[in-house]
Amino acid sequence: MTIIYNKKRFPPPPYDVEVEDMKYYRLLYGGEHDQIFPRARSIQTTERVIRRSRPGLIRRGVAPDIKITSEHQYVVVNFASLVAEVPADLINRALGNVSADVEAGPELEFVSSVVAASKPNDKIWAAVTQHQVDGLIAYRIRRSAKGKVWFEWLLGDRYFPHEDGNGADLAWIEEWDDGRGGKLKFLRVERQELSEEGLTIQQKVFKMDGETVADEIDIKQYVEEYEIEIPEDETLKDVAELLCGFVINDETLLHPRGRSALRNIDTIQEEINWTITRDSIVFDKHGKPKLAIPRALWDTVANQNQKDYGARFVRGADLEVVSFDDKTGAIPQYITWDAKTAQSFEHVNRLIRYMLAVSKTSIQAAGMEDGKGDTGIALLYLWIQSVIKADAIKGKFDAAIKDAIRKCMLLENALGSADLKPVNPVIEWGDMLPKADSEKDTEETDKYDKGVQSLETTVRRLHPDWSEEAITAEIQKIQDENAVDTLNPTFTQPPRVTV
């Protein structure tokens with residue numbers, strides 16, 4: 001069953017609720033809390049206007065009114081961003097080489113070209129972070145007119161699977177300048193649908209009327225008017241699966257499309273912000289030294305301002321030079337206020353720890369405690385909570401990257417007349433946490449010496465930033481040296497004789 005867009009709001013139900021949640025958590029992650037938290041909106045700039053009683057005494061060039069402005073800044077200490085980014089940091093560090101599961105052949109060359117075009121190592125951090133914020137991230141396979149094949153990550157609010165499981169729509173809004181300072185909005189849809197003939201891929205364009213989808217327009221006219229490239233409709237025979245997919249986070253039976261990793265921490269984040277903001281307001285109001293002057297001095301200055309400006313007030317500039325009272329010894333003095341904020345700081349610390357516990361983030365990752373270990377194992381136990389969470393996410397992205405590259409092979413076989421064997425590639429994952437070079441070298445060489453790891457894998461892990469040519473050359477050098485070392489010639493001396 002396909003999705004009908006005409007004369008309906010976009011995004012279509014039931015995905016509209018999920019998209020609204022995604023937008024909410026994106027604002028939470030981005031630190032734009034004034035748009036989602038009521039108490040953040042209550043901190044606004046206020047302005048009081050004091051009107052003079054005798055405007056006729058105003059001097060030339062002086063405004064008739066006195067404006068007093070007070071402003072309090074809503075302080076955002078955004079731990080929500082840390083919750084989403086810690087798994088991305090760990091997985092980004094662990095992702096290594098991606099290659100075909102063969103030593104040579106067209107599959108190896110094709111996978112290398114797909115990896116070079118898709119750049120999974122460069123884009124994995126953004127993909128994992130968005131996956132944590134939205135609870136869902138999608139991917140699709142692309143092929144250019146020149147034959148380049150790659151896969152790309154897509155936002156979860158652009159992926160709408162069909163209810164029957166035989167298709168999916170990739171839909172997004174495009175905006176164009178109307179030439180009068182406004183914007184024209186169009187809905188682009190790429191529909192993939194399975195049938196008995198194979199996989200059908202269609203391109204559709206709808207005009208938008210506000211938030212409602214209007215009639216479908218001719219796609220050729222749309223291409224000519226805005227000078228863009230849109231692939232033609234295709235039917236790929238013998239392709240029995242969609243050339244797109246998705247990665248979900250924390251799915252349940254009630255939430256099969258996943259949930260945001262920030263779903264349980266928004267209220268805690270708001271309380272952290274408000275507690276720190278409240279303390280900031282208190283410090284701003286009472287933390288500055290106040291100048292206390294004798295009552296007689298205040299009356300003297302106020303009476304003079306009454307004569308000059310028509311109102312009784314005292315400015316700081318009026319007290320830069322004051323007289324000393326010889327009889328009473330009364331002089332101005334500064335008063336400071338000692339704020340007791342220990343309880344507030346303890347409250348914030350508890351809230352942060354609650355947030356990290358709920359989000360399965362280690363305290364060391366947030367910098368709340370010392371996160372240094374003497375060895376890699378000690379460091380692992382300090383970060384174990386975050387590592388366990390990141391490892392589960394890594395498993396999902398491992399399967400997604402393999403599936404995406406395998407789908408690239410299917411597309412190349414269908415459109416490029418290739419004869420590739422569509423199998424999952426091999427992804428090398430390293431350690432999520434850093435280790436000392438000496439410790440890492442010892443572990444890798446021990447594996448090689450015990451025969452549980454090949455020489456090539458050992459060299460790759462010891463030098464992850466080396467090129468294929470450098471790795472091959474290093475392996476050859478090691479093999480040559482080992483061959484020389486195995487030679488143990490025995491020199492036999494001739495017997496002595498007497499002539």
# chains A, B, ... in the order shown; residues from 1 in each chain; ligands from 1
$ select_by_dssp --residues "stretch 338-479 of chain A" --states "strand (DSSP E)" --output "PyMOL selection string"
chain A and resi 426-429
$ select_by_dssp --residues "stretch 107-275 of chain A" --states "alpha helix (DSSP H)" --output "ChimeraX atom specification"
/A:107-118,120-134,219-226,266-275
$ closest_residue --among "A:Asp446, A:Asp157, A:Ser81, A:Glu193" --to "A:Glu20" --atoms "only C-alpha atoms"
A:Asp157
$ residues_around --residues "stretch 342-347 of chain A" --least-positions-apart "3" --cutoff "9 Å" --atoms "only C-alpha atoms" --output "list in words"
Ile272, Thr275, Ile276, Asp279, Arg350, Leu351 and Ile352 of chain A
$ residues_around --residues "A:Tyr354" --least-positions-apart "2" --cutoff "12 Å" --atoms "only C-alpha atoms" --output "PDB file with all heavy atoms, in the first residue's frame"
ATOM      1  N   PHE A  79      24.180  19.333  28.327  1.00  0.00           N
ATOM      2  CA  PHE A  79      24.676  17.968  28.437  1.00  0.00           C
ATOM      3  C   PHE A  79      23.962  17.031  27.465  1.00  0.00           C
ATOM      4  O   PHE A  79      24.423  15.911  27.250  1.00  0.00           O
ATOM      5  CB  PHE A  79      24.509  17.464  29.869  1.00  0.00           C
ATOM      6  CG  PHE A  79      25.604  17.926  30.799  1.00  0.00           C
ATOM      7  CD1 PHE A  79      25.494  19.138  31.459  1.00  0.00           C
ATOM      8  CD2 PHE A  79      26.737  17.168  30.986  1.00  0.00           C
ATOM      9  CE1 PHE A  79      26.499  19.577  32.306  1.00  0.00           C
ATOM     10  CE2 PHE A  79      27.751  17.595  31.822  1.00  0.00           C
ATOM     11  CZ  PHE A  79      27.635  18.801  32.492  1.00  0.00           C
ATOM     12  N   ASN A 264      14.560  10.744  27.584  1.00  0.00           N
ATOM     13  CA  ASN A 264      14.282  10.757  29.016  1.00  0.00           C
ATOM     14  C   ASN A 264      15.060  11.824  29.777  1.00  0.00           C
ATOM     15  O   ASN A 264      15.035  11.819  31.015  1.00  0.00           O
ATOM     16  CB  ASN A 264      14.605   9.380  29.623  1.00  0.00           C
ATOM     17  CG  ASN A 264      13.665   8.298  29.134  1.00  0.00           C
ATOM     18  OD1 ASN A 264      12.482   8.553  28.924  1.00  0.00           O
ATOM     19  ND2 ASN A 264      14.181   7.098  28.944  1.00  0.00           N
ATOM     20  N   ILE A 265      15.744  12.691  29.071  1.00  0.00           N
ATOM     21  CA  ILE A 265      16.622  13.622  29.780  1.00  0.00           C
ATOM     22  C   ILE A 265      16.245  15.079  29.560  1.00  0.00           C
ATOM     23  O   ILE A 265      16.930  15.969  30.067  1.00  0.00           O
ATOM     24  CB  ILE A 265      18.090  13.421  29.353  1.00  0.00           C
ATOM     25  CG1 ILE A 265      18.275  13.771  27.877  1.00  0.00           C
ATOM     26  CG2 ILE A 265      18.533  11.991  29.624  1.00  0.00           C
ATOM     27  CD1 ILE A 265      19.715  13.733  27.431  1.00  0.00           C
ATOM     28  N   ASP A 266      15.171  15.349  28.813  1.00  0.00           N
ATOM     29  CA  ASP A 266      14.850  16.745  28.511  1.00  0.00           C
ATOM     30  C   ASP A 266      14.456  17.521  29.766  1.00  0.00           C
ATOM     31  O   ASP A 266      14.882  18.664  29.951  1.00  0.00           O
ATOM     32  CB  ASP A 266      13.756  16.828  27.443  1.00  0.00           C
ATOM     33  CG  ASP A 266      12.556  15.972  27.780  1.00  0.00           C
ATOM     34  OD1 ASP A 266      12.673  15.098  28.658  1.00  0.00           O
ATOM     35  OD2 ASP A 266      11.486  16.166  27.172  1.00  0.00           O
ATOM     36  N   THR A 267      13.640  16.919  30.637  1.00  0.00           N
ATOM     37  CA  THR A 267      13.230  17.629  31.849  1.00  0.00           C
ATOM     38  C   THR A 267      14.406  17.825  32.801  1.00  0.00           C
ATOM     39  O   THR A 267      14.490  18.851  33.483  1.00  0.00           O
ATOM     40  CB  THR A 267      12.101  16.875  32.553  1.00  0.00           C
ATOM     41  OG1 THR A 267      12.522  15.519  32.815  1.00  0.00           O
ATOM     42  CG2 THR A 267      10.852  16.843  31.695  1.00  0.00           C
ATOM     43  N   ILE A 268      15.312  16.849  32.846  1.00  0.00           N
ATOM     44  CA  ILE A 268      16.501  17.009  33.693  1.00  0.00           C
ATOM     45  C   ILE A 268      17.386  18.121  33.145  1.00  0.00           C
ATOM     46  O   ILE A 268      17.926  18.937  33.902  1.00  0.00           O
ATOM     47  CB  ILE A 268      17.279  15.684  33.776  1.00  0.00           C
ATOM     48  CG1 ILE A 268      16.375  14.561  34.276  1.00  0.00           C
ATOM     49  CG2 ILE A 268      18.488  15.823  34.680  1.00  0.00           C
ATOM     50  CD1 ILE A 268      17.051  13.205  34.317  1.00  0.00           C
ATOM     51  N   GLN A 269      17.538  18.174  31.827  1.00  0.00           N
ATOM     52  CA  GLN A 269      18.323  19.237  31.211  1.00  0.00           C
ATOM     53  C   GLN A 269      17.722  20.607  31.499  1.00  0.00           C
ATOM     54  O   GLN A 269      18.448  21.566  31.781  1.00  0.00           O
ATOM     55  CB  GLN A 269      18.396  19.009  29.701  1.00  0.00           C
ATOM     56  CG  GLN A 269      19.122  20.089  28.923  1.00  0.00           C
ATOM     57  CD  GLN A 269      20.589  20.154  29.249  1.00  0.00           C
ATOM     58  OE1 GLN A 269      21.348  19.246  28.932  1.00  0.00           O
ATOM     59  NE2 GLN A 269      21.016  21.229  29.899  1.00  0.00           N
ATOM     60  N   GLU A 271      15.955  21.458  34.107  1.00  0.00           N
ATOM     61  CA  GLU A 271      16.173  21.791  35.516  1.00  0.00           C
ATOM     62  C   GLU A 271      17.613  22.225  35.760  1.00  0.00           C
ATOM     63  O   GLU A 271      17.871  23.137  36.561  1.00  0.00           O
ATOM     64  CB  GLU A 271      15.830  20.583  36.387  1.00  0.00           C
ATOM     65  CG  GLU A 271      15.967  20.812  37.880  1.00  0.00           C
ATOM     66  CD  GLU A 271      14.987  21.849  38.411  1.00  0.00           C
ATOM     67  OE1 GLU A 271      13.955  22.101  37.757  1.00  0.00           O
ATOM     68  OE2 GLU A 271      15.252  22.414  39.487  1.00  0.00           O
ATOM     69  N   ILE A 272      18.562  21.606  35.053  1.00  0.00           N
ATOM     70  CA  ILE A 272      19.959  22.029  35.172  1.00  0.00           C
ATOM     71  C   ILE A 272      20.111  23.472  34.690  1.00  0.00           C
ATOM     72  O   ILE A 272      20.734  24.314  35.352  1.00  0.00           O
ATOM     73  CB  ILE A 272      20.867  21.083  34.357  1.00  0.00           C
ATOM     74  CG1 ILE A 272      20.902  19.692  35.002  1.00  0.00           C
ATOM     75  CG2 ILE A 272      22.279  21.649  34.240  1.00  0.00           C
ATOM     76  CD1 ILE A 272      21.642  18.664  34.168  1.00  0.00           C
ATOM     77  N   HIS A 347      22.988  20.361  43.927  1.00  0.00           N
ATOM     78  CA  HIS A 347      21.774  19.978  43.206  1.00  0.00           C
ATOM     79  C   HIS A 347      22.073  19.781  41.717  1.00  0.00           C
ATOM     80  O   HIS A 347      21.627  18.794  41.109  1.00  0.00           O
ATOM     81  CB  HIS A 347      20.711  21.050  43.402  1.00  0.00           C
ATOM     82  CG  HIS A 347      19.412  20.755  42.710  1.00  0.00           C
ATOM     83  ND1 HIS A 347      18.748  19.567  42.867  1.00  0.00           N
ATOM     84  CD2 HIS A 347      18.663  21.494  41.843  1.00  0.00           C
ATOM     85  CE1 HIS A 347      17.637  19.569  42.146  1.00  0.00           C
ATOM     86  NE2 HIS A 347      17.568  20.732  41.507  1.00  0.00           N
ATOM     87  N   VAL A 348      22.846  20.691  41.127  1.00  0.00           N
ATOM     88  CA  VAL A 348      23.215  20.560  39.720  1.00  0.00           C
ATOM     89  C   VAL A 348      24.050  19.299  39.501  1.00  0.00           C
ATOM     90  O   VAL A 348      23.855  18.567  38.522  1.00  0.00           O
ATOM     91  CB  VAL A 348      23.978  21.814  39.248  1.00  0.00           C
ATOM     92  CG1 VAL A 348      24.575  21.583  37.863  1.00  0.00           C
ATOM     93  CG2 VAL A 348      23.060  23.018  39.228  1.00  0.00           C
ATOM     94  N   ASN A 349      24.977  19.040  40.420  1.00  0.00           N
ATOM     95  CA  ASN A 349      25.814  17.849  40.287  1.00  0.00           C
ATOM     96  C   ASN A 349      24.974  16.572  40.334  1.00  0.00           C
ATOM     97  O   ASN A 349      25.197  15.642  39.558  1.00  0.00           O
ATOM     98  CB  ASN A 349      26.845  17.834  41.411  1.00  0.00           C
ATOM     99  CG  ASN A 349      27.828  16.690  41.273  1.00  0.00           C
ATOM    100  OD1 ASN A 349      28.584  16.608  40.306  1.00  0.00           O
ATOM    101  ND2 ASN A 349      27.818  15.793  42.241  1.00  0.00           N
ATOM    102  N   ARG A 350      23.972  16.541  41.217  1.00  0.00           N
ATOM    103  CA  ARG A 350      23.087  15.372  41.279  1.00  0.00           C
ATOM    104  C   ARG A 350      22.286  15.227  39.991  1.00  0.00           C
ATOM    105  O   ARG A 350      22.123  14.118  39.472  1.00  0.00           O
ATOM    106  CB  ARG A 350      22.143  15.493  42.476  1.00  0.00           C
ATOM    107  CG  ARG A 350      22.781  15.251  43.825  1.00  0.00           C
ATOM    108  CD  ARG A 350      21.718  15.058  44.885  1.00  0.00           C
ATOM    109  NE  ARG A 350      20.857  16.238  44.994  1.00  0.00           N
ATOM    110  CZ  ARG A 350      21.077  17.239  45.839  1.00  0.00           C
ATOM    111  NH1 ARG A 350      22.147  17.204  46.646  1.00  0.00           N
ATOM    112  NH2 ARG A 350      20.253  18.263  45.895  1.00  0.00           N
ATOM    113  N   LEU A 351      21.781  16.337  39.475  1.00  0.00           N
ATOM    114  CA  LEU A 351      21.002  16.280  38.245  1.00  0.00           C
ATOM    115  C   LEU A 351      21.836  15.759  37.076  1.00  0.00           C
ATOM    116  O   LEU A 351      21.354  14.959  36.256  1.00  0.00           O
ATOM    117  CB  LEU A 351      20.441  17.665  37.911  1.00  0.00           C
ATOM    118  CG  LEU A 351      19.356  18.210  38.837  1.00  0.00           C
ATOM    119  CD1 LEU A 351      19.045  19.662  38.471  1.00  0.00           C
ATOM    120  CD2 LEU A 351      18.098  17.368  38.753  1.00  0.00           C
ATOM    121  N   ILE A 352      23.073  16.204  36.978  1.00  0.00           N
ATOM    122  CA  ILE A 352      23.937  15.746  35.898  1.00  0.00           C
ATOM    123  C   ILE A 352      24.182  14.244  36.007  1.00  0.00           C
ATOM    124  O   ILE A 352      24.154  13.512  35.011  1.00  0.00           O
ATOM    125  CB  ILE A 352      25.265  16.523  35.912  1.00  0.00           C
ATOM    126  CG1 ILE A 352      25.022  18.000  35.589  1.00  0.00           C
ATOM    127  CG2 ILE A 352      26.255  15.927  34.915  1.00  0.00           C
ATOM    128  CD1 ILE A 352      26.246  18.865  35.724  1.00  0.00           C
ATOM    129  N   LEU A 356      23.205  11.338  33.248  1.00  0.00           N
ATOM    130  CA  LEU A 356      24.159  10.398  32.684  1.00  0.00           C
ATOM    131  C   LEU A 356      23.733   8.959  32.947  1.00  0.00           C
ATOM    132  O   LEU A 356      23.905   8.079  32.095  1.00  0.00           O
ATOM    133  CB  LEU A 356      25.551  10.657  33.270  1.00  0.00           C
ATOM    134  CG  LEU A 356      26.155  12.039  32.972  1.00  0.00           C
ATOM    135  CD1 LEU A 356      27.498  12.189  33.658  1.00  0.00           C
ATOM    136  CD2 LEU A 356      26.301  12.245  31.481  1.00  0.00           C
ATOM    137  N   ALA A 357      23.165   8.697  34.135  1.00  0.00           N
ATOM    138  CA  ALA A 357      22.714   7.345  34.441  1.00  0.00           C
ATOM    139  C   ALA A 357      21.547   6.937  33.546  1.00  0.00           C
ATOM    140  O   ALA A 357      21.511   5.814  33.026  1.00  0.00           O
ATOM    141  CB  ALA A 357      22.322   7.250  35.909  1.00  0.00           C
ATOM    142  N   VAL A 358      20.599   7.851  33.349  1.00  0.00           N
ATOM    143  CA  VAL A 358      19.435   7.536  32.518  1.00  0.00           C
ATOM    144  C   VAL A 358      19.839   7.316  31.071  1.00  0.00           C
ATOM    145  O   VAL A 358      19.294   6.443  30.380  1.00  0.00           O
ATOM    146  CB  VAL A 358      18.395   8.672  32.628  1.00  0.00           C
ATOM    147  CG1 VAL A 358      17.298   8.502  31.597  1.00  0.00           C
ATOM    148  CG2 VAL A 358      17.785   8.698  34.026  1.00  0.00           C
ATOM    149  N   SER A 359      20.801   8.075  30.590  1.00  0.00           N
ATOM    150  CA  SER A 359      21.214   7.987  29.189  1.00  0.00           C
ATOM    151  C   SER A 359      22.323   6.966  28.946  1.00  0.00           C
ATOM    152  O   SER A 359      22.841   6.884  27.830  1.00  0.00           O
ATOM    153  CB  SER A 359      21.682   9.364  28.705  1.00  0.00           C
ATOM    154  OG  SER A 359      22.807   9.791  29.449  1.00  0.00           O
ATOM    155  N   LYS A 360      22.719   6.214  29.970  1.00  0.00           N
ATOM    156  CA  LYS A 360      23.761   5.181  29.844  1.00  0.00           C
ATOM    157  C   LYS A 360      25.083   5.779  29.383  1.00  0.00           C
ATOM    158  O   LYS A 360      25.758   5.244  28.496  1.00  0.00           O
ATOM    159  CB  LYS A 360      23.316   4.084  28.881  1.00  0.00           C
ATOM    160  CG  LYS A 360      22.015   3.392  29.252  1.00  0.00           C
ATOM    161  CD  LYS A 360      21.612   2.380  28.196  1.00  0.00           C
ATOM    162  CE  LYS A 360      20.257   1.773  28.523  1.00  0.00           C
ATOM    163  NZ  LYS A 360      19.816   0.803  27.466  1.00  0.00           N
ATOM    164  N   THR A 361      25.449   6.896  29.992  1.00  0.00           N
ATOM    165  CA  THR A 361      26.700   7.572  29.683  1.00  0.00           C
ATOM    166  C   THR A 361      27.574   7.565  30.923  1.00  0.00           C
ATOM    167  O   THR A 361      27.104   7.893  32.012  1.00  0.00           O
ATOM    168  CB  THR A 361      26.447   9.016  29.234  1.00  0.00           C
ATOM    169  OG1 THR A 361      25.525   9.021  28.137  1.00  0.00           O
ATOM    170  CG2 THR A 361      27.743   9.693  28.810  1.00  0.00           C
ATOM    171  N   SER A 362      28.832   7.183  30.770  1.00  0.00           N
ATOM    172  CA  SER A 362      29.728   7.118  31.919  1.00  0.00           C
ATOM    173  C   SER A 362      30.045   8.517  32.429  1.00  0.00           C
ATOM    174  O   SER A 362      30.096   9.490  31.672  1.00  0.00           O
ATOM    175  CB  SER A 362      31.024   6.395  31.543  1.00  0.00           C
ATOM    176  OG  SER A 362      31.731   7.132  30.567  1.00  0.00           O
ATOM    177  N   ILE A 363      30.265   8.601  33.728  1.00  0.00           N
ATOM    178  CA  ILE A 363      30.574   9.895  34.353  1.00  0.00           C
ATOM    179  C   ILE A 363      31.908  10.424  33.841  1.00  0.00           C
ATOM    180  O   ILE A 363      32.094  11.634  33.677  1.00  0.00           O
ATOM    181  CB  ILE A 363      30.585   9.745  35.884  1.00  0.00           C
ATOM    182  CG1 ILE A 363      29.190   9.319  36.371  1.00  0.00           C
ATOM    183  CG2 ILE A 363      31.019  11.020  36.555  1.00  0.00           C
ATOM    184  CD1 ILE A 363      29.125   9.041  37.847  1.00  0.00           C
TER     185      ILE A 363
END
$ closest_atom_pairs --of "stretch 196-286 of chain A" --to "stretch 11-19 of chain A" --cutoff "12 Å" --atoms "only C-alpha atoms" --output "JSON lines"
{"residue": "A:Met208", "atom": "CA", "partner": "A:Pro11", "partner_atom": "CA", "distance": 11.7}
{"residue": "A:Glu211", "atom": "CA", "partner": "A:Pro11", "partner_atom": "CA", "distance": 8.7}
{"residue": "A:Thr212", "atom": "CA", "partner": "A:Pro11", "partner_atom": "CA", "distance": 9.0}
{"residue": "A:Val213", "atom": "CA", "partner": "A:Pro11", "partner_atom": "CA", "distance": 9.3}
{"residue": "A:His255", "atom": "CA", "partner": "A:Glu18", "partner_atom": "CA", "distance": 10.0}
{"residue": "A:Pro256", "atom": "CA", "partner": "A:Glu18", "partner_atom": "CA", "distance": 11.4}
{"residue": "A:Arg257", "atom": "CA", "partner": "A:Glu18", "partner_atom": "CA", "distance": 8.8}
{"residue": "A:Gly258", "atom": "CA", "partner": "A:Glu18", "partner_atom": "CA", "distance": 9.5}
{"residue": "A:Arg259", "atom": "CA", "partner": "A:Glu18", "partner_atom": "CA", "distance": 9.0}
{"residue": "A:Ser260", "atom": "CA", "partner": "A:Glu18", "partner_atom": "CA", "distance": 10.1}
$ write_last_selection --atoms "N, CA, C and O atoms" --output "CSV table (one decimal), in the first residue's frame"
chain,number,residue,atom,x,y,z
A,208,MET,N,3.6,22.6,-3.2
A,208,MET,CA,3.2,22.7,-1.8
A,208,MET,C,2.4,24.0,-1.7
A,208,MET,O,2.7,25.0,-2.3
A,211,GLU,N,1.6,24.1,4.3
A,211,GLU,CA,2.0,22.8,4.8
A,211,GLU,C,1.2,21.6,4.1
A,211,GLU,O,1.3,20.5,4.5
A,212,THR,N,0.4,22.0,3.1
A,212,THR,CA,-0.5,21.0,2.5
A,212,THR,C,0.1,20.7,1.1
A,212,THR,O,0.5,21.6,0.4
A,213,VAL,N,0.1,19.4,0.7
A,213,VAL,CA,0.5,19.0,-0.6
A,213,VAL,C,-0.5,19.3,-1.7
A,213,VAL,O,-1.7,18.8,-1.5
A,255,HIS,N,7.4,0.8,19.7
A,255,HIS,CA,8.1,1.9,18.9
A,255,HIS,C,9.1,1.1,17.9
A,255,HIS,O,10.3,1.1,18.1
A,256,PRO,N,8.5,0.5,16.9
A,256,PRO,CA,9.4,-0.3,16.0
A,256,PRO,C,10.3,0.6,15.1
A,256,PRO,O,11.3,0.1,14.6
A,257,ARG,N,10.0,1.9,15.0
A,257,ARG,CA,10.9,2.8,14.2
A,257,ARG,C,11.9,3.5,15.1
A,257,ARG,O,12.5,4.5,14.7
A,258,GLY,N,12.1,3.0,16.4
A,258,GLY,CA,13.1,3.6,17.2
A,258,GLY,C,12.7,4.8,18.0
A,258,GLY,O,11.6,5.4,17.8
A,259,ARG,N,13.6,5.2,18.9
A,259,ARG,CA,13.3,6.3,19.8
A,259,ARG,C,14.6,7.1,20.0
A,259,ARG,O,15.7,6.5,19.9
A,260,SER,N,14.5,8.3,20.3
A,260,SER,CA,15.7,9.2,20.5
A,260,SER,C,16.4,8.8,21.7
A,260,SER,O,15.8,8.5,22.8
$ residues_around --residues "A:Asp164" --least-positions-apart "5" --cutoff "12 Å" --atoms "only C-alpha atoms" --output "PDB file with N, CA and C atoms, in the first residue's frame"
ATOM      1  N   MET A   1       0.853  -1.196   0.000  1.00  0.00           N
ATOM      2  CA  MET A   1       0.000   0.000   0.000  1.00  0.00           C
ATOM      3  C   MET A   1       0.882   1.237   0.000  1.00  0.00           C
ATOM      4  N   THR A   2       0.736   2.084  -1.016  1.00  0.00           N
ATOM      5  CA  THR A   2       1.557   3.278  -1.148  1.00  0.00           C
ATOM      6  C   THR A   2       0.974   4.432  -0.338  1.00  0.00           C
ATOM      7  N   ILE A   3       1.771   5.481  -0.213  1.00  0.00           N
ATOM      8  CA  ILE A   3       1.367   6.664   0.542  1.00  0.00           C
ATOM      9  C   ILE A   3       0.764   7.678  -0.413  1.00  0.00           C
ATOM     10  N   GLU A 193       9.497   0.511  -5.041  1.00  0.00           N
ATOM     11  CA  GLU A 193       8.418  -0.445  -4.808  1.00  0.00           C
ATOM     12  C   GLU A 193       8.737  -1.759  -5.493  1.00  0.00           C
ATOM     13  N   LEU A 194       8.542  -2.857  -4.750  1.00  0.00           N
ATOM     14  CA  LEU A 194       8.807  -4.193  -5.273  1.00  0.00           C
ATOM     15  C   LEU A 194       7.559  -4.765  -5.922  1.00  0.00           C
ATOM     16  N   SER A 195       7.774  -5.468  -7.020  1.00  0.00           N
ATOM     17  CA  SER A 195       6.682  -6.140  -7.716  1.00  0.00           C
ATOM     18  C   SER A 195       7.216  -7.438  -8.291  1.00  0.00           C
TER      19      SER A 195
END
$ closest_atom_pairs --of "stretch 121-208 of chain A" --to "stretch 89-107 of chain A" --cutoff "7 Å" --atoms "only C-alpha atoms" --output "tab-separated table"
residue	atom	partner	partner_atom	distance
A:Asn121	CA	A:Leu95	CA	6.6
A:Ile124	CA	A:Asn92	CA	6.0
A:Trp125	CA	A:Asn92	CA	5.5
$ residues_around --residues "stretch 226-231 of chain A" --least-positions-apart "3" --cutoff "9 Å" --atoms "only C-alpha atoms" --output "compact mmCIF listing (two decimals) with N, CA and C atoms, in the first residue's frame"
# COMPACT_ATOMS: atom_id res chain seq x y z
N SER A 144 25.56 7.55 -10.55
CA SER A 144 25.61 8.70 -11.45
C SER A 144 25.56 8.24 -12.90
N ALA A 145 25.39 9.22 -13.80
CA ALA A 145 25.35 8.90 -15.22
C ALA A 145 26.68 8.37 -15.73
N TRP A 176 12.56 27.14 -3.83
CA TRP A 176 13.16 27.93 -4.90
C TRP A 176 12.67 29.38 -4.79
N GLN A 202 10.52 5.32 -8.95
CA GLN A 202 9.81 6.43 -9.59
C GLN A 202 10.18 7.75 -8.93
N GLN A 203 10.17 8.81 -9.71
CA GLN A 203 10.42 10.16 -9.23
C GLN A 203 9.15 10.99 -9.40
N ILE A 219 7.22 16.26 -14.09
CA ILE A 219 8.60 16.28 -13.60
C ILE A 219 9.56 16.81 -14.66
N LYS A 220 9.26 16.62 -15.94
CA LYS A 220 10.13 17.15 -16.98
C LYS A 220 10.11 18.67 -17.00
N GLN A 221 8.92 19.24 -16.79
CA GLN A 221 8.81 20.69 -16.72
C GLN A 221 9.56 21.23 -15.51
N TYR A 222 9.50 20.50 -14.41
CA TYR A 222 10.21 20.91 -13.19
C TYR A 222 11.72 20.89 -13.42
N VAL A 223 12.21 19.88 -14.13
CA VAL A 223 13.64 19.77 -14.41
C VAL A 223 14.10 20.90 -15.31
N GLU A 234 12.89 3.85 -13.38
CA GLU A 234 13.56 2.62 -13.76
C GLU A 234 12.83 1.42 -13.17
$ residues_around --residues "A:Arg39" --least-positions-apart "2" --cutoff "12 Å" --atoms "only C-alpha atoms" --output "list in words"
His33, Asp34, Gln35, Ile36, Phe37, Arg41, Ser42, Ile43, Gln44, Gln73, Tyr74, Val75, Val76, Thr267, Glu270, Glu271, Ile272, Asn273, Trp274, Thr275, Thr277 and Arg278 of chain A
